[in-house]
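Undergrad: For reference, the file coords_11.csv (CSV, C-alpha atoms) is included below:
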chain,number,residue,atom,x,y,z
A,1,MET,CA,16.0,0.6,-0.7
A,2,HIS,CA,16.7,-1.6,2.3
A,3,LEU,CA,15.1,-5.0,2.4
A,4,SER,CA,12.6,-4.1,5.2
A,5,ASP,CA,11.8,-0.8,3.4
A,6,GLY,CA,10.1,-2.9,0.7
A,7,VAL,CA,7.4,-4.1,3.2
A,8,VAL,CA,7.0,-0.5,4.4
A,9,THR,CA,6.7,0.8,0.8
A,10,PHE,CA,4.1,-1.8,-0.1
A,11,PHE,CA,1.9,-1.2,2.9
A,12,SER,CA,2.3,2.6,2.7
A,13,LEU,CA,1.2,2.4,-1.0
A,14,PHE,CA,-1.7,0.2,0.1
A,15,MET,CA,-2.8,2.7,2.7
A,16,LEU,CA,-2.5,5.6,0.4
A,17,CYS,CA,-4.2,3.9,-2.4
A,18,GLN,CA,-7.3,3.0,-0.4
A,19,ALA,CA,-8.2,6.7,0.4
A,20,ARG,CA,-10.8,7.6,-2.2
A,21,ARG,CA,-10.7,11.4,-2.2
A,22,VAL,CA,-9.4,13.3,0.7
A,23,GLN,CA,-7.8,16.5,1.9
A,24,THR,CA,-4.4,15.6,3.1
A,25,CYS,CA,-2.3,16.9,6.0
A,26,ASN,CA,-0.1,19.2,4.0
A,27,GLY,CA,-2.0,22.3,3.1
A,28,GLY,CA,-4.8,20.9,1.0
A,29,TYR,CA,-3.3,18.3,-1.3
A,30,GLN,CA,-6.0,16.0,-2.6
A,31,MET,CA,-5.7,12.3,-3.4
A,32,ILE,CA,-8.1,10.7,-5.7
A,33,VAL,CA,-8.1,6.9,-6.2
A,34,HIS,CA,-9.7,6.3,-9.6
A,35,SER,CA,-9.6,2.5,-9.2
A,36,ILE,CA,-8.3,-0.4,-7.3
A,37,GLU,CA,-8.5,-3.9,-8.7
A,38,ASN,CA,-7.4,-7.4,-7.9
A,39,CYS,CA,-6.1,-8.4,-11.3
A,40,GLY,CA,-4.9,-12.0,-10.7
A,41,GLY,CA,-8.1,-13.8,-11.6
A,42,ASP,CA,-10.1,-16.3,-9.6
A,43,GLY,CA,-7.0,-18.2,-8.4
A,44,GLN,CA,-5.3,-15.1,-6.9
A,45,ILE,CA,-3.5,-16.0,-3.7
A,46,VAL,CA,-4.0,-12.7,-1.9
A,47,THR,CA,-7.0,-10.5,-2.4
A,48,ILE,CA,-8.1,-7.1,-1.1
A,49,ASP,CA,-11.8,-6.5,-0.5
A,50,PRO,CA,-12.6,-3.7,-3.0
A,51,THR,CA,-14.9,-2.1,-0.4
A,52,SER,CA,-12.0,-1.6,2.0
A,53,THR,CA,-11.3,1.9,3.0
A,54,ILE,CA,-8.5,4.0,4.5
A,55,THR,CA,-9.2,7.5,5.8
A,56,LEU,CA,-6.4,10.1,5.7
A,57,MET,CA,-7.1,12.6,8.4
A,58,GLU,CA,-6.0,16.2,8.6
A,59,ASP,CA,-3.4,15.3,11.3
A,60,CYS,CA,-1.5,13.1,8.8
A,61,LYS,CA,-2.7,9.9,10.3
A,62,VAL,CA,-4.6,7.1,8.5
A,63,LYS,CA,-7.1,4.7,9.8
A,64,SER,CA,-8.3,1.7,8.0
A,65,LYS,CA,-11.3,-0.6,7.7
A,66,ALA,CA,-10.1,-3.3,5.3
A,67,THR,CA,-10.2,-7.0,4.7
A,68,ALA,CA,-7.5,-9.0,2.9
A,69,ARG,CA,-7.6,-12.7,2.4
A,70,THR,CA,-5.0,-15.3,1.5
A,71,THR,CA,-5.1,-18.9,0.6
A,72,GLY,CA,-1.6,-19.2,2.1
A,73,PHE,CA,1.8,-19.3,0.6
A,74,ASN,CA,5.5,-20.2,1.4
A,75,THR,CA,7.2,-17.6,-0.8
A,76,ALA,CA,6.3,-14.1,-2.1
A,77,VAL,CA,8.4,-12.0,-4.5
A,78,MET,CA,6.8,-8.7,-5.3
A,79,GLN,CA,7.4,-6.6,-8.4
A,80,VAL,CA,6.1,-3.0,-8.2
A,81,THR,CA,6.0,-0.7,-11.2
A,82,ILE,CA,4.9,2.9,-10.9
A,83,THR,CA,4.1,4.7,-14.1
A,84,LYS,CA,3.4,8.4,-14.0
A,85,ASN,CA,1.9,10.2,-17.0
A,86,GLY,CA,2.7,7.1,-19.1
A,87,LEU,CA,6.3,7.0,-18.1
A,88,PRO,CA,7.8,4.4,-15.8
A,89,VAL,CA,9.3,6.1,-12.7
A,90,LEU,CA,10.0,3.1,-10.4
A,91,LYS,CA,10.4,-0.6,-10.9
A,92,GLU,CA,11.4,-2.6,-7.9
A,93,THR,CA,11.5,-6.3,-6.9
A,94,VAL,CA,11.2,-7.2,-3.3
A,95,ASP,CA,11.3,-10.6,-1.5
A,96,ILE,CA,8.4,-10.1,0.9
A,97,CYS,CA,9.3,-13.2,3.0
A,98,GLU,CA,12.9,-11.9,3.5
A,99,ASN,CA,11.5,-8.5,4.3
A,100,LEU,CA,9.2,-10.0,7.0
A,101,ASP,CA,12.2,-11.8,8.5
A,102,ASN,CA,14.1,-8.5,8.7
A,103,ALA,CA,11.2,-6.4,9.8
A,104,ALA,CA,11.6,-7.2,13.5
A,105,SER,CA,14.6,-4.9,13.6
A,106,ASN,CA,12.7,-2.0,11.8
A,107,LYS,CA,10.4,-0.1,14.1
A,108,GLU,CA,8.4,1.4,11.3
A,109,ALA,CA,7.9,-1.9,9.5
A,110,THR,CA,6.9,-3.5,12.8
A,111,GLU,CA,4.3,-0.8,13.4
A,112,ILE,CA,2.7,-1.2,10.0
A,113,ILE,CA,2.7,-5.0,10.2
A,114,THR,CA,1.1,-4.7,13.7
A,115,MET,CA,-1.5,-2.2,12.5
A,116,PHE,CA,-2.6,-4.4,9.6
A,117,GLY,CA,-2.3,-7.7,11.5
A,118,VAL,CA,-0.1,-9.0,8.8
A,119,PRO,CA,1.8,-12.3,9.6
A,120,ASP,CA,5.4,-11.5,10.5
A,121,HIS,CA,7.0,-14.5,8.8
A,122,CYS,CA,6.6,-17.0,6.0
A,123,PRO,CA,5.1,-19.5,5.4
A,124,VAL,CA,1.7,-17.7,5.7
A,125,ALA,CA,-1.3,-19.9,6.5
A,126,ALA,CA,-4.7,-19.3,4.8
A,127,THR,CA,-6.2,-16.4,6.7
A,128,GLU,CA,-8.4,-13.4,6.6
A,129,ILE,CA,-7.0,-10.1,8.0
A,130,ARG,CA,-9.4,-7.4,9.1
A,131,THR,CA,-8.5,-3.9,10.3
A,132,ASP,CA,-10.9,-1.5,12.1
A,133,GLU,CA,-10.6,2.2,12.5
A,134,SER,CA,-9.4,2.1,16.0
A,135,GLN,CA,-5.7,2.0,15.0
A,136,THR,CA,-4.0,4.9,13.3
A,137,TYR,CA,-0.7,5.2,11.5
A,138,SER,CA,1.1,8.6,11.0
A,139,LEU,CA,2.3,9.6,7.6
A,140,GLU,CA,3.8,12.8,8.8
A,141,LYS,CA,7.3,11.9,7.7
A,142,TYR,CA,6.1,11.3,4.1
A,143,LYS,CA,4.2,14.6,3.6
A,144,GLN,CA,7.2,16.3,2.1
A,145,HIS,CA,6.9,13.9,-0.9
A,146,LEU,CA,3.5,15.1,-1.9
A,147,LEU,CA,4.7,17.6,-4.4
A,148,VAL,CA,6.8,14.9,-6.1
A,149,ALA,CA,3.8,12.6,-6.2
A,150,GLN,CA,1.7,15.2,-8.0
A,151,GLY,CA,-0.1,13.9,-11.0
A,152,ARG,CA,-1.7,10.6,-12.0
A,153,SER,CA,0.1,7.4,-11.3
A,154,ILE,CA,-0.6,3.7,-12.1
A,155,ILE,CA,0.8,1.3,-9.5
A,156,ASP,CA,1.1,-2.3,-10.7
A,157,VAL,CA,1.9,-4.9,-8.1
A,158,LEU,CA,2.6,-8.5,-9.1
A,159,ILE,CA,3.5,-11.0,-6.4
A,160,LYS,CA,4.7,-14.4,-7.4
A,161,HIS,CA,4.1,-17.1,-4.8
A,162,ASP,CA,5.2,-20.8,-4.7
A,163,ASN,CA,1.6,-21.7,-5.4
A,164,GLY,CA,0.3,-19.0,-7.8
A,165,GLU,CA,0.2,-15.2,-8.2
A,166,SER,CA,-1.4,-12.1,-6.7
A,167,CYS,CA,-1.9,-8.9,-8.7
A,168,PHE,CA,-3.1,-5.5,-7.8
A,169,LYS,CA,-3.6,-2.4,-9.9
A,170,PHE,CA,-4.0,1.1,-8.4
A,171,ASP,CA,-4.9,4.2,-10.4
A,172,VAL,CA,-4.1,7.2,-8.1
A,173,GLU,CA,-4.0,11.0,-8.6
A,174,VAL,CA,-2.4,13.5,-6.3
A,175,MET,CA,-3.6,17.1,-6.9
A,176,VAL,CA,-1.6,20.1,-5.6
A,177,PRO,CA,-3.5,22.8,-3.7
A,178,ASN,CA,-4.0,26.1,-5.5
A,179,PHE,CA,-1.6,28.3,-3.6
A,180,LEU,CA,-2.5,31.3,-5.8
A,181,GLY,CA,-6.1,31.3,-4.6
A,182,GLY,CA,-7.5,31.1,-8.2
Could the structure of this file be written out as structure tokens, please?
TA:
Amino acid sequence: MHLSDGVVTFFSLFMLCQARRVQTCNGGYQMIVHSIENCGGDGQIVTIDPTSTITLMEDCKVKSKATARTTGFNTAVMQVTITKNGLPVLKETVDICENLDNAASNKEATEIITMFGVPDHCPVAATEIRTDESQTYSLEKYKQHLLVAQGRSIIDVLIKHDNGESCFKFDVEVMVPNFLGG
């Protein structure tokens, strides 16, 4: 994974994990989010409002209405672990600040950062980031991965900052359409 791909992966996971139960753009796949939690306690550096939503539309675009808050930080190293059916399938460590520095040369990363209003460099000051449903982001190029994503996955995200930690846990299920009609 290239450095700027880490930022793209995190925000793509965030967008996908916010959709509660939706018909997707690829012939009827369903995504169910069983839970989303901020698991870093009261001192968590970045939090996501649990009432935030992302809608996956039939044309493979997403629109969001979300709020994230940060108390600010100078560094952010993210560890992502995806467990599927109890087995770890991905474990990745990404330096978010380094990714933000490199994102300017990655059109896709820049598009996601712009959509979410995410700061494009570190240090990040204390801020609240809000999105509304006026902006959309296309997931068309990811739809071929839906069959691989089939099943229930737990996505654990731990971000270590210079001044504390942020933690998110997503419990997501992708259901395959019944092609046999039964």
Undergrad: Measuring between only C-alpha atoms, which one of A:Ile96, A:Ala125, A:Ser138, A:Thr47 shows the shortest distance to Glu111 (chain A)?
TA: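 Distance minimum relative to Glu111 (chain A) lands on A:Ser138.
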Undergrad: List the neighbours of region 73-84 of chain A out to 10 Å using all atoms listed in the file; skip same-chain residues closer than 6 positions along the sequence, and give me the result as number ranges by chain.
TA: A: 6-7, 9-10, 45-46, 90-99, 121-126, 149-173
Undergrad: Hey, can you check how far CA of Glu128 (chain A) sits from CA of Met115 (chain A)?
TA: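 A separation of 14.4 Å between them.
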Undergrad: Take CA of Tyr137 (chain A) and CA of Val118 (chain A) and report the distance between them in Å, one decimal.
TA: 14.5 Å
Undergrad: May I have the residues at most 9 Å from (-11.3, -7.4, 10.1) in the file's coordinates, counting only C-alpha atoms, as a ChimeraX atom specification?
TA: /A:65-68,128-132
Undergrad: Return the single residue from A:Thr71, A:Leu147, A:Ala109, A:Val62 that is closest to Gln44 (chain A), with distances computed using all atoms listed in the file.
TA: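 Ranked by minimum distance to Gln44 (chain A), first place goes to A:Thr71.
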Undergrad: With only C-alpha atoms as the atoms that count, which of A:Thr136, A:Ser35, A:Ser105, A:Thr70 lies nearest to Thr51 (chain A)?
TA: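 Going through A:Thr136, A:Ser35, A:Ser105, A:Thr70 one by one, the smallest distance to Thr51 (chain A) is for A:Ser35.
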Undergrad: To one decimal place, how far is CA of Thr110 (chain A) from CA of Val33 (chain A) in Å?
TA: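 Atom-to-atom, CA of Thr110 (chain A) and CA of Val33 (chain A) are spaced 26.3 Å apart.
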Undergrad: Smallest atom-to-atom distance to Leu139 (chain A): which of A:Met57, A:Cys39, A:Met175, A:Ala103, using only C-alpha atoms?
TA: A:Met57
Undergrad: When distances are computed from all atoms listed in the file, which of A:Gly40, A:Asp59, A:Thr53, A:Leu100 shows the smallest separation from Lys141 (chain A)?
TA: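 Answer, going by the shortest atom-to-atom distance: A:Asp59.
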